[in-house]
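Here's model_15.cif, which has mmCIF, C-alpha atoms:
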```cif
data_upload
#
loop_
_atom_site.label_atom_id
_atom_site.label_comp_id
_atom_site.auth_asym_id
_atom_site.auth_seq_id
_atom_site.Cartn_x
_atom_site.Cartn_y
_atom_site.Cartn_z
CA MET A 1 -10.05 -26.67 -5.57
CA ARG A 2 -10.30 -26.54 -1.80
CA VAL A 3 -8.85 -23.12 -1.00
CA ILE A 4 -8.05 -21.04 2.09
CA PHE A 5 -7.70 -17.26 1.64
CA MET A 6 -5.39 -15.15 3.79
CA GLY A 7 -5.62 -11.36 3.65
CA THR A 8 -6.00 -8.27 5.79
CA SER A 9 -5.93 -4.90 4.01
CA VAL A 10 -8.23 -3.39 1.39
CA PHE A 11 -5.80 -4.52 -1.35
CA ALA A 12 -6.91 -8.12 -0.77
CA LEU A 13 -10.67 -7.54 -1.10
CA PRO A 14 -11.06 -7.81 -4.92
CA CYS A 15 -9.20 -11.15 -4.91
CA LEU A 16 -11.44 -12.46 -2.14
CA ARG A 17 -14.58 -11.42 -4.02
CA VAL A 18 -13.41 -13.08 -7.24
CA LEU A 19 -12.53 -16.26 -5.37
CA LEU A 20 -16.00 -16.35 -3.84
CA GLU A 21 -17.60 -16.03 -7.27
CA SER A 22 -15.46 -18.80 -8.77
CA GLU A 23 -16.13 -22.55 -8.75
CA ASN A 24 -13.44 -23.08 -6.12
CA ASN A 25 -14.45 -24.20 -2.63
CA LEU A 26 -13.47 -21.42 -0.19
CA LEU A 27 -12.93 -23.26 3.09
CA CYS A 28 -12.27 -20.21 5.29
CA VAL A 29 -10.66 -16.78 5.48
CA VAL A 30 -7.69 -15.95 7.71
CA SER A 31 -7.11 -12.31 8.66
CA ARG A 32 -5.24 -10.29 11.26
CA PRO A 33 -6.98 -9.47 14.57
CA ALA A 34 -8.94 -6.28 15.21
CA ARG A 35 -6.72 -3.43 16.43
CA PRO A 36 -7.35 -0.21 18.39
CA ALA A 37 -7.77 2.76 16.05
CA GLY A 38 -8.82 6.40 16.10
CA ARG A 39 -8.87 8.83 18.98
CA GLY A 40 -11.03 6.58 21.13
CA LYS A 41 -8.76 3.57 20.45
CA LYS A 42 -11.80 1.41 19.76
CA LEU A 43 -11.19 -2.00 18.22
CA ARG A 44 -11.49 -1.86 14.44
CA GLN A 45 -11.70 -4.86 12.17
CA PRO A 46 -9.37 -4.92 9.15
CA PRO A 47 -11.17 -4.66 5.78
CA VAL A 48 -10.97 -8.38 4.92
CA ALA A 49 -12.30 -9.41 8.32
CA GLU A 50 -15.10 -6.85 8.14
CA TYR A 51 -16.12 -8.09 4.69
CA SER A 52 -15.97 -11.74 5.77
CA LEU A 53 -18.08 -11.16 8.86
CA LYS A 54 -20.65 -9.20 6.85
CA ASN A 55 -20.91 -12.01 4.32
CA ARG A 56 -20.96 -14.74 7.00
CA LEU A 57 -17.79 -16.42 5.83
CA GLU A 58 -15.90 -18.67 8.19
CA ILE A 59 -13.06 -16.51 9.47
CA HIS A 60 -10.09 -16.98 11.79
CA GLN A 61 -8.08 -14.11 13.30
CA PRO A 62 -5.19 -15.64 15.25
CA ASP A 63 -2.64 -13.49 17.05
CA LYS A 64 0.08 -15.89 15.90
CA LEU A 65 0.29 -18.56 13.21
CA THR A 66 1.42 -21.37 15.49
CA GLY A 67 0.57 -24.75 16.99
CA GLU A 68 -3.13 -25.30 17.47
CA PHE A 69 -4.18 -22.88 14.74
CA ILE A 70 -1.95 -24.57 12.14
CA ASP A 71 -3.55 -27.87 13.15
CA THR A 72 -6.96 -26.30 12.54
CA LEU A 73 -5.99 -25.29 9.00
CA LYS A 74 -4.47 -28.71 8.37
CA SER A 75 -7.75 -30.39 9.37
CA LEU A 76 -9.53 -28.52 6.56
CA LYS A 77 -7.32 -30.32 4.01
CA PRO A 78 -6.83 -27.39 1.60
CA GLU A 79 -5.26 -28.01 -1.79
CA LEU A 80 -4.13 -24.40 -2.06
CA ILE A 81 -3.75 -21.31 0.12
CA ILE A 82 -3.95 -17.87 -1.51
CA SER A 83 -2.52 -14.87 0.35
CA ALA A 84 -2.74 -11.17 -0.44
CA ALA A 85 -1.58 -8.39 1.89
CA TYR A 86 -1.88 -10.61 4.96
CA GLY A 87 0.75 -8.61 6.82
CA ALA A 88 2.72 -11.29 8.68
CA TRP A 89 5.42 -13.84 7.94
CA LEU A 90 4.10 -17.33 7.15
CA PRO A 91 5.92 -20.15 8.97
CA LYS A 92 7.20 -23.22 7.16
CA LYS A 93 4.67 -25.53 8.88
CA LEU A 94 1.83 -23.47 7.40
CA LEU A 95 3.42 -23.41 3.94
CA GLU A 96 3.58 -27.20 3.99
CA ILE A 97 -0.15 -27.67 4.67
CA PRO A 98 -1.57 -27.44 1.11
CA GLN A 99 -0.24 -29.84 -1.49
CA MET A 100 0.06 -26.98 -4.02
CA GLY A 101 1.62 -24.54 -1.57
CA VAL A 102 0.77 -20.90 -0.93
CA VAL A 103 0.26 -18.51 -3.86
CA ASN A 104 0.94 -14.93 -2.80
CA VAL A 105 -0.25 -11.81 -4.63
CA HIS A 106 2.43 -9.09 -4.43
CA PRO A 107 2.04 -5.55 -5.86
CA SER A 108 5.29 -5.22 -7.80
CA ILE A 109 7.20 -6.96 -10.58
CA LEU A 110 9.47 -9.22 -8.54
CA PRO A 111 12.34 -9.22 -7.70
CA GLU A 112 11.87 -5.44 -7.64
CA TYR A 113 10.30 -4.00 -4.51
CA ARG A 114 10.18 -7.03 -2.28
CA GLY A 115 8.90 -6.11 1.16
CA ALA A 116 6.33 -4.04 3.00
CA ALA A 117 5.86 -0.87 0.91
CA PRO A 118 6.26 -1.71 -2.80
CA ILE A 119 3.66 0.74 -4.15
CA THR A 120 4.83 3.73 -2.10
CA ARG A 121 8.50 3.05 -2.89
CA ALA A 122 7.83 2.82 -6.63
CA LEU A 123 6.14 6.23 -6.52
CA LEU A 124 8.93 7.79 -4.45
CA ASP A 125 11.50 6.47 -6.93
CA GLY A 126 9.65 8.02 -9.87
CA ARG A 127 9.04 4.70 -11.62
CA GLU A 128 6.87 4.69 -14.75
CA GLU A 129 5.74 1.08 -14.40
CA THR A 130 4.99 -1.50 -11.75
CA GLY A 131 2.57 -4.44 -11.58
CA VAL A 132 1.41 -7.54 -9.75
CA SER A 133 3.33 -10.77 -9.24
CA PHE A 134 1.84 -14.16 -8.36
CA MET A 135 4.49 -16.16 -6.52
CA LEU A 136 4.83 -19.38 -4.54
CA THR A 137 5.67 -18.38 -0.98
CA ASP A 138 8.82 -19.78 0.59
CA CYS A 139 10.48 -18.96 3.91
CA GLY A 140 12.01 -15.70 2.64
CA TRP A 141 10.46 -12.27 2.16
CA ASP A 142 8.90 -12.36 -1.33
CA THR A 143 11.70 -14.58 -2.61
CA GLY A 144 9.70 -17.53 -3.95
CA PRO A 145 9.37 -18.61 -7.59
CA VAL A 146 7.03 -16.52 -9.76
CA LEU A 147 4.04 -17.95 -11.62
CA ALA A 148 3.03 -14.81 -13.49
CA ALA A 149 3.67 -11.05 -13.54
CA ILE A 150 1.16 -8.50 -14.83
CA HIS A 151 2.47 -5.03 -15.70
CA GLU A 152 0.73 -1.71 -14.98
CA ARG A 153 1.68 1.85 -15.98
CA ILE A 154 2.12 4.40 -13.19
CA LEU A 155 0.24 7.59 -14.05
CA PRO A 156 1.69 11.05 -13.32
CA SER A 157 -1.30 11.74 -11.05
CA ASP A 158 -1.16 8.44 -9.13
CA THR A 159 -1.17 8.33 -5.34
CA THR A 160 -0.45 5.19 -3.36
CA GLY A 161 -4.22 4.90 -2.90
CA SER A 162 -5.15 5.14 -6.59
CA LEU A 163 -2.34 2.85 -7.74
CA GLN A 164 -3.14 0.29 -5.04
CA GLU A 165 -6.76 0.22 -6.18
CA ARG A 166 -5.83 -0.43 -9.82
CA LEU A 167 -3.30 -3.10 -8.89
CA SER A 168 -5.80 -4.86 -6.62
CA ILE A 169 -8.32 -5.00 -9.47
CA LYS A 170 -5.66 -6.21 -11.90
CA ALA A 171 -4.71 -8.94 -9.42
CA ALA A 172 -8.33 -10.05 -9.08
CA ASP A 173 -8.85 -10.02 -12.87
CA ASN A 174 -5.99 -12.49 -13.30
CA LEU A 175 -6.22 -14.59 -10.11
CA ILE A 176 -8.43 -17.42 -11.35
CA ASP A 177 -6.51 -17.82 -14.63
CA VAL A 178 -3.25 -17.99 -12.67
CA ILE A 179 -4.35 -20.64 -10.18
CA GLU A 180 -6.02 -22.69 -12.95
CA GLY A 181 -2.87 -22.43 -15.07
CA TYR A 182 -0.77 -23.46 -12.09
CA SER A 183 -2.99 -26.41 -11.11
CA SER A 184 -3.06 -27.69 -14.72
CA GLY A 185 0.70 -27.40 -15.16
CA GLN A 186 0.48 -24.72 -17.87
CA LEU A 187 2.14 -22.16 -15.58
CA VAL A 188 5.51 -23.32 -14.30
CA PRO A 189 7.08 -21.47 -11.33
CA GLU A 190 10.29 -19.64 -12.30
CA SER A 191 12.99 -18.78 -9.77
CA GLN A 192 13.65 -15.10 -9.19
CA PRO A 193 16.99 -13.52 -10.13
CA GLU A 194 19.38 -13.12 -7.21
CA GLU A 195 19.59 -9.33 -7.52
CA ALA A 196 16.61 -7.69 -5.83
CA LEU A 197 15.34 -4.29 -4.76
CA TYR A 198 13.70 -4.05 -1.33
CA ALA A 199 10.80 -1.81 -0.33
CA ASP A 200 11.24 -1.27 3.39
CA LYS A 201 8.39 -0.10 5.60
CA ILE A 202 7.86 3.67 5.60
CA THR A 203 9.17 5.42 8.71
CA THR A 204 7.77 8.60 10.27
CA ASP A 205 11.05 10.42 9.58
CA GLU A 206 10.58 9.85 5.84
CA THR A 207 7.23 11.62 5.80
CA TRP A 208 8.75 15.06 6.54
CA LEU A 209 9.15 17.37 3.54
CA ASP A 210 12.70 18.64 3.12
CA TRP A 211 12.21 21.89 1.20
CA ASN A 212 15.81 21.78 0.02
CA ARG A 213 14.85 18.88 -2.26
CA THR A 214 13.50 19.55 -5.76
CA ALA A 215 9.83 20.35 -6.29
CA ARG A 216 9.40 17.31 -8.53
CA TYR A 217 10.69 14.97 -5.85
CA LEU A 218 8.51 16.57 -3.16
CA GLU A 219 5.44 16.39 -5.42
CA ARG A 220 6.04 12.65 -5.79
CA LYS A 221 6.45 12.40 -2.03
CA VAL A 222 3.08 14.07 -1.45
CA ARG A 223 1.41 11.58 -3.80
CA ALA A 224 3.30 8.60 -2.36
CA PHE A 225 2.06 9.34 1.17
CA GLN A 226 -1.60 9.67 0.18
CA PRO A 227 -4.01 8.67 1.61
CA SER A 228 -1.71 7.95 4.57
CA PRO A 229 0.45 8.70 6.48
CA GLY A 230 0.58 12.11 4.78
CA ALA A 231 3.55 14.32 3.84
CA ARG A 232 4.44 16.56 6.79
CA THR A 233 5.83 20.00 7.45
CA LEU A 234 5.69 22.56 10.26
CA TYR A 235 4.24 26.07 10.29
CA SER A 236 4.88 28.16 13.42
CA GLY A 237 5.71 24.94 15.24
CA LYS A 238 2.40 23.28 14.31
CA LEU A 239 1.98 20.22 12.11
CA LEU A 240 0.62 20.56 8.59
CA LYS A 241 0.09 17.67 6.19
CA VAL A 242 0.24 18.47 2.49
CA SER A 243 -2.42 16.33 0.77
CA ALA A 244 -2.11 17.54 -2.84
CA ALA A 245 0.39 19.72 -4.68
CA ARG A 246 1.80 20.47 -8.10
CA VAL A 247 5.07 21.79 -9.47
CA SER A 248 5.19 25.53 -10.19
CA LEU A 249 7.66 28.00 -11.71
CA CYS A 250 7.11 30.52 -8.88
CA LYS A 251 10.56 31.32 -7.45
CA ALA A 252 11.24 31.38 -3.71
CA GLU A 253 13.85 30.22 -1.22
CA PRO A 254 13.50 26.65 0.14
CA GLY A 255 10.57 26.57 2.58
CA GLU A 256 9.57 30.18 1.87
CA VAL A 257 5.84 30.88 1.52
CA VAL A 258 4.59 32.98 -1.39
CA LEU A 259 0.91 34.00 -1.46
CA LYS A 260 -0.24 35.21 -4.86
CA ALA A 261 -3.83 35.73 -6.08
CA GLY A 262 -5.17 33.45 -3.34
CA LEU A 263 -2.72 30.66 -4.17
CA LEU A 264 -0.05 29.20 -1.89
CA TYR A 265 3.45 28.41 -3.15
CA VAL A 266 6.42 27.05 -1.20
CA GLY A 267 9.99 27.37 -2.43
CA CYS A 268 12.07 24.24 -3.03
CA GLY A 269 15.63 23.40 -3.98
CA GLY A 270 16.26 24.30 -7.62
CA GLU A 271 14.31 26.66 -9.87
CA GLU A 272 10.80 25.35 -9.18
CA SER A 273 8.40 25.46 -6.24
CA LEU A 274 5.33 23.59 -5.02
CA GLU A 275 1.84 24.98 -5.30
CA ILE A 276 -0.10 23.56 -2.35
CA LEU A 277 -3.60 22.49 -3.40
CA GLU A 278 -4.90 20.67 -0.33
CA ILE A 279 -3.71 20.75 3.26
CA GLN A 280 -4.57 19.16 6.60
CA PRO A 281 -3.87 21.09 9.80
CA ALA A 282 -3.31 19.08 12.99
CA SER A 283 -6.49 17.43 14.33
CA ARG A 284 -8.56 18.68 11.39
CA SER A 285 -9.84 17.29 8.10
CA VAL A 286 -8.25 17.82 4.70
CA MET A 287 -9.25 21.17 3.18
CA SER A 288 -8.55 23.24 0.11
CA THR A 289 -5.73 25.74 0.37
CA ALA A 290 -8.24 28.58 -0.10
CA GLU A 291 -10.22 27.35 2.89
CA PHE A 292 -7.05 27.01 4.96
CA LEU A 293 -5.86 30.52 4.11
CA ARG A 294 -9.17 32.05 5.17
CA GLY A 295 -8.54 30.90 8.74
CA ALA A 296 -4.76 31.04 8.90
CA LYS A 297 -2.54 34.09 9.43
CA MET A 298 0.01 32.87 6.92
CA LYS A 299 1.77 35.54 4.84
CA THR A 300 4.39 35.81 2.14
CA GLY A 301 7.87 35.35 3.59
CA ASP A 302 6.82 32.88 6.28
CA ILE A 303 8.95 29.74 6.44
CA LEU A 304 7.70 26.16 6.55
CA GLY A 305 9.70 23.36 8.06
CA LYS A 306 11.24 25.19 11.00
CA THR A 307 10.47 24.09 14.56
#
```
Could you render the structure from this file as structure tokens?
Amino acid sequence: MRVIFMGTSVFALPCLRVLLESENNLLCVVSRPARPAGRGKKLRQPPVAEYSLKNRLEIHQPDKLTGEFIDTLKSLKPELIISAAYGAWLPKKLLEIPQMGVVNVHPSILPEYRGAAPITRALLDGREETGVSFMLTDCGWDTGPVLAAIHERILPSDTTGSLQERLSIKAADNLIDVIEGYSSGQLVPESQPEEALYADKITTDETWLDWNRTARYLERKVRAFQPSPGARTLYSGKLLKVSAARVSLCKAEPGEVVLKAGLLYVGCGGEESLEILEIQPASRSVMSTAEFLRGAKMKTGDILGKT
């Protein structure tokens, strides 16, 4: 088939690679524009654009999906558009371009976790399973009929990063079978149930660790916000990001630091605490707790989370 691929983040890369290796005719790639990033605010290409440029694929990076650009895509006469983590709403005029529509790859089992942060929300909620859905895009947010859904277990050690990687590979492993099944009529789109669960974008306020919550919830929160934006707390008014932690039976008041045999524990709501394994001070790289304690003046009885 004559196919256009739309994607931006690293989640989309395995699907793009598989599509390139298939017998389908990849007409072009559409990605989001380069954005300022880092301390120097230098322009940085998103992963899909960087990969496409490196491999000399035809790529378009419009600021908006309107007018002249939609005419450009229409002139390519695609039979199908495939999207994965593109990161912007697709207008109706674009959806109407290919005769087979737009197949979107979404990292959840729809209608659960529609929206911007399905992987992170599933981890925060303590879910044991998620997956990948292949759906036909309509004018809503992840509301279109589903072609196929592939389930994946969430591991107790999963972070958003590790789970995203597995789901992206699972999506790529099934992509060609799904679009071939759809084009042949073997896969029939099924409407989603009306009841849905939404996965709203993560806000900065949500990244702060409330030490009055249980250790098990906070441990999930640490994993859910890895590799970014990081779970945050304050020590002596300075930002600390907790990068890895595990639940411990060490008893302490919520937010209270306990140093024992070179280990760092922080009290939580309930009977358990968090043992901090990795930490990132402001403007520094992630380090082990042992390395952090060698340079910090932290002591038992100090309180985290106060301004």
Find the residues near A:Val178: any atom within 9 Å, counting only C-alpha atoms, skip ones fewer than 4 places away on the same chain, and give them as a VMD selection string. chain A and resid 134 147 to 148 174 182 to 183 187
With the file shown as input, list the residues that the PyMOL selection byres ((chain A and resi 238) around 12) selects, as a ChimeraX atom specification. /A:232-237,239-241,280-283,296,304-307
Translate the PyMOL selection byres ((chain A and resi 268) around 9) into a concrete residue list for this structure, as a PyMOL selection string. chain A and resi 210-215+218+251-256+266-267+269-274
Using all atoms listed in the file, which residues sit within 8 Å of A:Tyr113 once same-chain residues fewer than 6 positions away are excluded, as a PyMOL selection string? chain A and resi 121-122+196-199
Do a neighbour search on A:Ser184 at 12 Å with all atoms listed in the file, toss out local chain neighbours closer than 6 positions, and write the hits as a ChimeraX atom specification. /A:1,100,177-178
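Take atom CA of A:Pro111 and atom CA of A:Leu167: the distance between them is 16.8 Å.
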At a cut-off of 7 Å, using all atoms listed in the file, what residues contact A:Arg32? Leave out same-chain residues fewer than 5 positions from it and give the result as a list in words.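 After dropping sequence-adjacent residues, the list is Thr8, Gln61 and Pro62 of chain A.
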Contact residues around stretch 135-139 of chain A with all atoms listed in the file at 8 Å, ignoring same-chain residues under 6 positions, as JSON, numbers by chain: {"A": [90, 91, 92, 95, 101, 102, 103, 104, 105, 106, 145, 146, 147, 148, 189]}
Resolved residues for the PyMOL selection byres ((chain A and resi 127) around 12) as a list in words: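 So the PyMOL selection byres ((chain A and resi 127) around 12), applied here, picks out Ser108, Ile109, Glu112, Tyr113, Pro118, Ile119, Thr120, Arg121, Ala122, Leu123, Leu124, Asp125, Gly126, Glu128, Glu129, Thr130, Gly131, Glu152, Arg153, Ile154, Leu155, Pro156, Asp158, Tyr217, Arg220 and Ala224 of chain A.
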Please indicate the distance in Å from atom CA of A:Leu20 to atom CA of A:Glu68, rounded to one decimal place.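 Atom-to-atom, atom CA of A:Leu20 to atom CA of A:Glu68, that is 26.5 Å.
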Using only C-alpha atoms: which of A:Ile179, A:Leu94, A:Leu65, A:Val242 has the shortest distance to A:Thr207: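 Comparing A:Ile179, A:Leu94, A:Leu65, A:Val242 against A:Thr207, the winner is A:Val242.
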Between A:Leu43, A:Leu80, A:Ala88, A:Val257, which has the minimum distance to A:Ile303 (counting all atoms listed in the file)? A:Val257
Taking all atoms of stretch 3-11 of chain A that the file lists, what box with edges along x, y and z, padded by 5 Å per side, do you get, with centre and edge lengths in Å to one decimal, as JSON?
```
{"center_x": -7.1, "center_y": -13.3, "center_z": 2.2, "size_x": 13.5, "size_y": 29.7, "size_z": 17.1}
```
Taking into account all atoms listed in the file, which residue in the set A:Phe11, A:Glu180, A:Val286, A:Glu195 is nearest to A:Thr160?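 That would be A:Phe11, the residue with the smallest distance to A:Thr160.
Atom pair atom CA of A:Leu249 / atom CA of A:Glu275 has a distance of 9.2 Å (rounded to one decimal).
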Return the single residue from A:Ala172, A:Ile81, A:Val18, A:Ile279 that is closest to A:Glu96, with distances computed using all atoms listed in the file.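 Ranked by minimum distance to A:Glu96, first place goes to A:Ile81.
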Kindly write C-alpha atoms of stretch 19-127 of chain A from the structure just given to a file, as a PDB file, in the first residue's frame.
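Ended up saving to decode.pdb:
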```
ATOM      1  CA  LEU A  19       7.110  -0.156   8.001  1.00  0.00           C
ATOM      2  CA  LEU A  20      10.332   0.632   6.151  1.00  0.00           C
ATOM      3  CA  GLU A  21      11.273  -3.049   6.073  1.00  0.00           C
ATOM      4  CA  SER A  22       7.847  -4.115   4.789  1.00  0.00           C
ATOM      5  CA  GLU A  23       6.649  -4.297   1.179  1.00  0.00           C
ATOM      6  CA  ASN A  24       4.538  -1.179   1.662  1.00  0.00           C
ATOM      7  CA  ASN A  25       5.473   2.018  -0.176  1.00  0.00           C
ATOM      8  CA  LEU A  26       6.369   4.648   2.452  1.00  0.00           C
ATOM      9  CA  LEU A  27       5.600   7.942   0.722  1.00  0.00           C
ATOM     10  CA  CYS A  28       6.856  10.277   3.468  1.00  0.00           C
ATOM     11  CA  VAL A  29       7.129  10.842   7.211  1.00  0.00           C
ATOM     12  CA  VAL A  30       5.344  13.645   9.071  1.00  0.00           C
ATOM     13  CA  SER A  31       6.741  14.741  12.435  1.00  0.00           C
ATOM     14  CA  ARG A  32       6.536  17.700  14.789  1.00  0.00           C
ATOM     15  CA  PRO A  33       8.998  20.598  14.347  1.00  0.00           C
ATOM     16  CA  ALA A  34      12.313  20.870  16.177  1.00  0.00           C
ATOM     17  CA  ARG A  35      11.960  22.562  19.575  1.00  0.00           C
ATOM     18  CA  PRO A  36      14.368  24.405  21.904  1.00  0.00           C
ATOM     19  CA  ALA A  37      15.735  22.069  24.580  1.00  0.00           C
ATOM     20  CA  GLY A  38      18.384  21.959  27.295  1.00  0.00           C
ATOM     21  CA  ARG A  39      20.077  24.803  29.094  1.00  0.00           C
ATOM     22  CA  GLY A  40      21.241  26.436  25.880  1.00  0.00           C
ATOM     23  CA  LYS A  41      17.741  26.186  24.353  1.00  0.00           C
ATOM     24  CA  LYS A  42      19.220  24.856  21.121  1.00  0.00           C
ATOM     25  CA  LEU A  43      16.813  23.421  18.573  1.00  0.00           C
ATOM     26  CA  ARG A  44      16.474  19.666  18.974  1.00  0.00           C
ATOM     27  CA  GLN A  45      14.841  17.356  16.485  1.00  0.00           C
ATOM     28  CA  PRO A  46      12.281  14.874  17.840  1.00  0.00           C
ATOM     29  CA  PRO A  47      13.370  11.215  17.608  1.00  0.00           C
ATOM     30  CA  VAL A  48      11.285  10.356  14.527  1.00  0.00           C
ATOM     31  CA  ALA A  49      12.533  13.397  12.625  1.00  0.00           C
ATOM     32  CA  GLU A  50      16.137  12.686  13.608  1.00  0.00           C
ATOM     33  CA  TYR A  51      15.829   9.079  12.425  1.00  0.00           C
ATOM     34  CA  SER A  52      14.153  10.111   9.169  1.00  0.00           C
ATOM     35  CA  LEU A  53      16.789  12.717   8.360  1.00  0.00           C
ATOM     36  CA  LYS A  54      19.592  10.253   9.120  1.00  0.00           C
ATOM     37  CA  ASN A  55      18.042   7.684   6.801  1.00  0.00           C
ATOM     38  CA  ARG A  56      17.255  10.250   4.086  1.00  0.00           C
ATOM     39  CA  LEU A  57      13.515   9.726   4.194  1.00  0.00           C
ATOM     40  CA  GLU A  58      11.222  12.394   2.832  1.00  0.00           C
ATOM     41  CA  ILE A  59      10.024  14.253   5.901  1.00  0.00           C
ATOM     42  CA  HIS A  60       7.637  17.124   6.600  1.00  0.00           C
ATOM     43  CA  GLN A  61       7.527  19.058   9.897  1.00  0.00           C
ATOM     44  CA  PRO A  62       4.647  21.538   9.667  1.00  0.00           C
ATOM     45  CA  ASP A  63       3.767  23.856  12.536  1.00  0.00           C
ATOM     46  CA  LYS A  64       0.088  23.248  11.808  1.00  0.00           C
ATOM     47  CA  LEU A  65      -1.827  20.615   9.852  1.00  0.00           C
ATOM     48  CA  THR A  66      -3.744  23.041   7.652  1.00  0.00           C
ATOM     49  CA  GLY A  67      -4.350  24.280   4.118  1.00  0.00           C
ATOM     50  CA  GLU A  68      -1.337  23.983   1.868  1.00  0.00           C
ATOM     51  CA  PHE A  69       0.245  21.133   3.822  1.00  0.00           C
ATOM     52  CA  ILE A  70      -2.933  19.029   3.648  1.00  0.00           C
ATOM     53  CA  ASP A  71      -2.943  19.634  -0.109  1.00  0.00           C
ATOM     54  CA  THR A  72       0.643  18.364  -0.231  1.00  0.00           C
ATOM     55  CA  LEU A  73      -0.327  15.114   1.485  1.00  0.00           C
ATOM     56  CA  LYS A  74      -3.374  14.754  -0.750  1.00  0.00           C
ATOM     57  CA  SER A  75      -1.166  15.043  -3.849  1.00  0.00           C
ATOM     58  CA  LEU A  76       0.772  11.949  -2.717  1.00  0.00           C
ATOM     59  CA  LYS A  77      -2.431   9.879  -2.995  1.00  0.00           C
ATOM     60  CA  PRO A  78      -1.880   7.664   0.065  1.00  0.00           C
ATOM     61  CA  GLU A  79      -4.121   4.659   0.620  1.00  0.00           C
ATOM     62  CA  LEU A  80      -3.428   4.681   4.352  1.00  0.00           C
ATOM     63  CA  ILE A  81      -1.912   6.945   7.010  1.00  0.00           C
ATOM     64  CA  ILE A  82      -0.382   5.357  10.120  1.00  0.00           C
ATOM     65  CA  SER A  83       0.125   7.517  13.213  1.00  0.00           C
ATOM     66  CA  ALA A  84       1.933   6.751  16.456  1.00  0.00           C
ATOM     67  CA  ALA A  85       2.655   9.311  19.185  1.00  0.00           C
ATOM     68  CA  TYR A  86       2.397  12.222  16.755  1.00  0.00           C
ATOM     69  CA  GLY A  87       1.395  14.613  19.527  1.00  0.00           C
ATOM     70  CA  ALA A  88      -1.253  16.792  17.874  1.00  0.00           C
ATOM     71  CA  TRP A  89      -4.921  16.585  16.958  1.00  0.00           C
ATOM     72  CA  LEU A  90      -5.576  15.483  13.365  1.00  0.00           C
ATOM     73  CA  PRO A  91      -8.176  17.602  11.521  1.00  0.00           C
ATOM     74  CA  LYS A  92     -11.052  16.041   9.604  1.00  0.00           C
ATOM     75  CA  LYS A  93      -9.665  17.168   6.216  1.00  0.00           C
ATOM     76  CA  LEU A  94      -6.495  15.177   6.880  1.00  0.00           C
ATOM     77  CA  LEU A  95      -8.434  12.116   8.047  1.00  0.00           C
ATOM     78  CA  GLU A  96     -10.364  12.135   4.782  1.00  0.00           C
ATOM     79  CA  ILE A  97      -7.250  12.033   2.568  1.00  0.00           C
ATOM     80  CA  PRO A  98      -6.528   8.267   2.506  1.00  0.00           C
ATOM     81  CA  GLN A  99      -9.267   5.949   1.295  1.00  0.00           C
ATOM     82  CA  MET A 100      -8.603   3.578   4.231  1.00  0.00           C
ATOM     83  CA  GLY A 101      -8.370   6.332   6.832  1.00  0.00           C
ATOM     84  CA  VAL A 102      -5.795   6.839   9.573  1.00  0.00           C
ATOM     85  CA  VAL A 103      -4.736   3.903  11.762  1.00  0.00           C
ATOM     86  CA  ASN A 104      -3.434   5.136  15.104  1.00  0.00           C
ATOM     87  CA  VAL A 105      -1.243   3.147  17.509  1.00  0.00           C
ATOM     88  CA  HIS A 106      -2.233   3.934  21.120  1.00  0.00           C
ATOM     89  CA  PRO A 107      -0.462   2.509  24.213  1.00  0.00           C
ATOM     90  CA  SER A 108      -3.451   1.281  26.212  1.00  0.00           C
ATOM     91  CA  ILE A 109      -6.407  -1.072  25.872  1.00  0.00           C
ATOM     92  CA  LEU A 110      -9.083   1.351  24.705  1.00  0.00           C
ATOM     93  CA  PRO A 111     -11.414   2.765  25.944  1.00  0.00           C
ATOM     94  CA  GLU A 112      -9.206   2.781  29.041  1.00  0.00           C
ATOM     95  CA  TYR A 113      -6.620   5.544  29.241  1.00  0.00           C
ATOM     96  CA  ARG A 114      -7.567   7.655  26.273  1.00  0.00           C
ATOM     97  CA  GLY A 115      -5.430  10.774  26.114  1.00  0.00           C
ATOM     98  CA  ALA A 116      -1.913  12.079  26.546  1.00  0.00           C
ATOM     99  CA  ALA A 117      -0.363   9.985  29.347  1.00  0.00           C
ATOM    100  CA  PRO A 118      -1.748   6.426  29.200  1.00  0.00           C
ATOM    101  CA  ILE A 119       1.420   4.613  30.310  1.00  0.00           C
ATOM    102  CA  THR A 120       2.180   6.898  33.250  1.00  0.00           C
ATOM    103  CA  ARG A 121      -1.440   6.871  34.437  1.00  0.00           C
ATOM    104  CA  ALA A 122      -1.621   3.069  34.333  1.00  0.00           C
ATOM    105  CA  LEU A 123       1.475   2.877  36.543  1.00  0.00           C
ATOM    106  CA  LEU A 124       0.165   5.498  38.971  1.00  0.00           C
ATOM    107  CA  ASP A 125      -3.103   3.581  39.273  1.00  0.00           C
ATOM    108  CA  GLY A 126      -1.281   0.349  40.106  1.00  0.00           C
ATOM    109  CA  ARG A 127      -2.641  -1.542  37.099  1.00  0.00           C
TER     110      ARG A 127
END
```
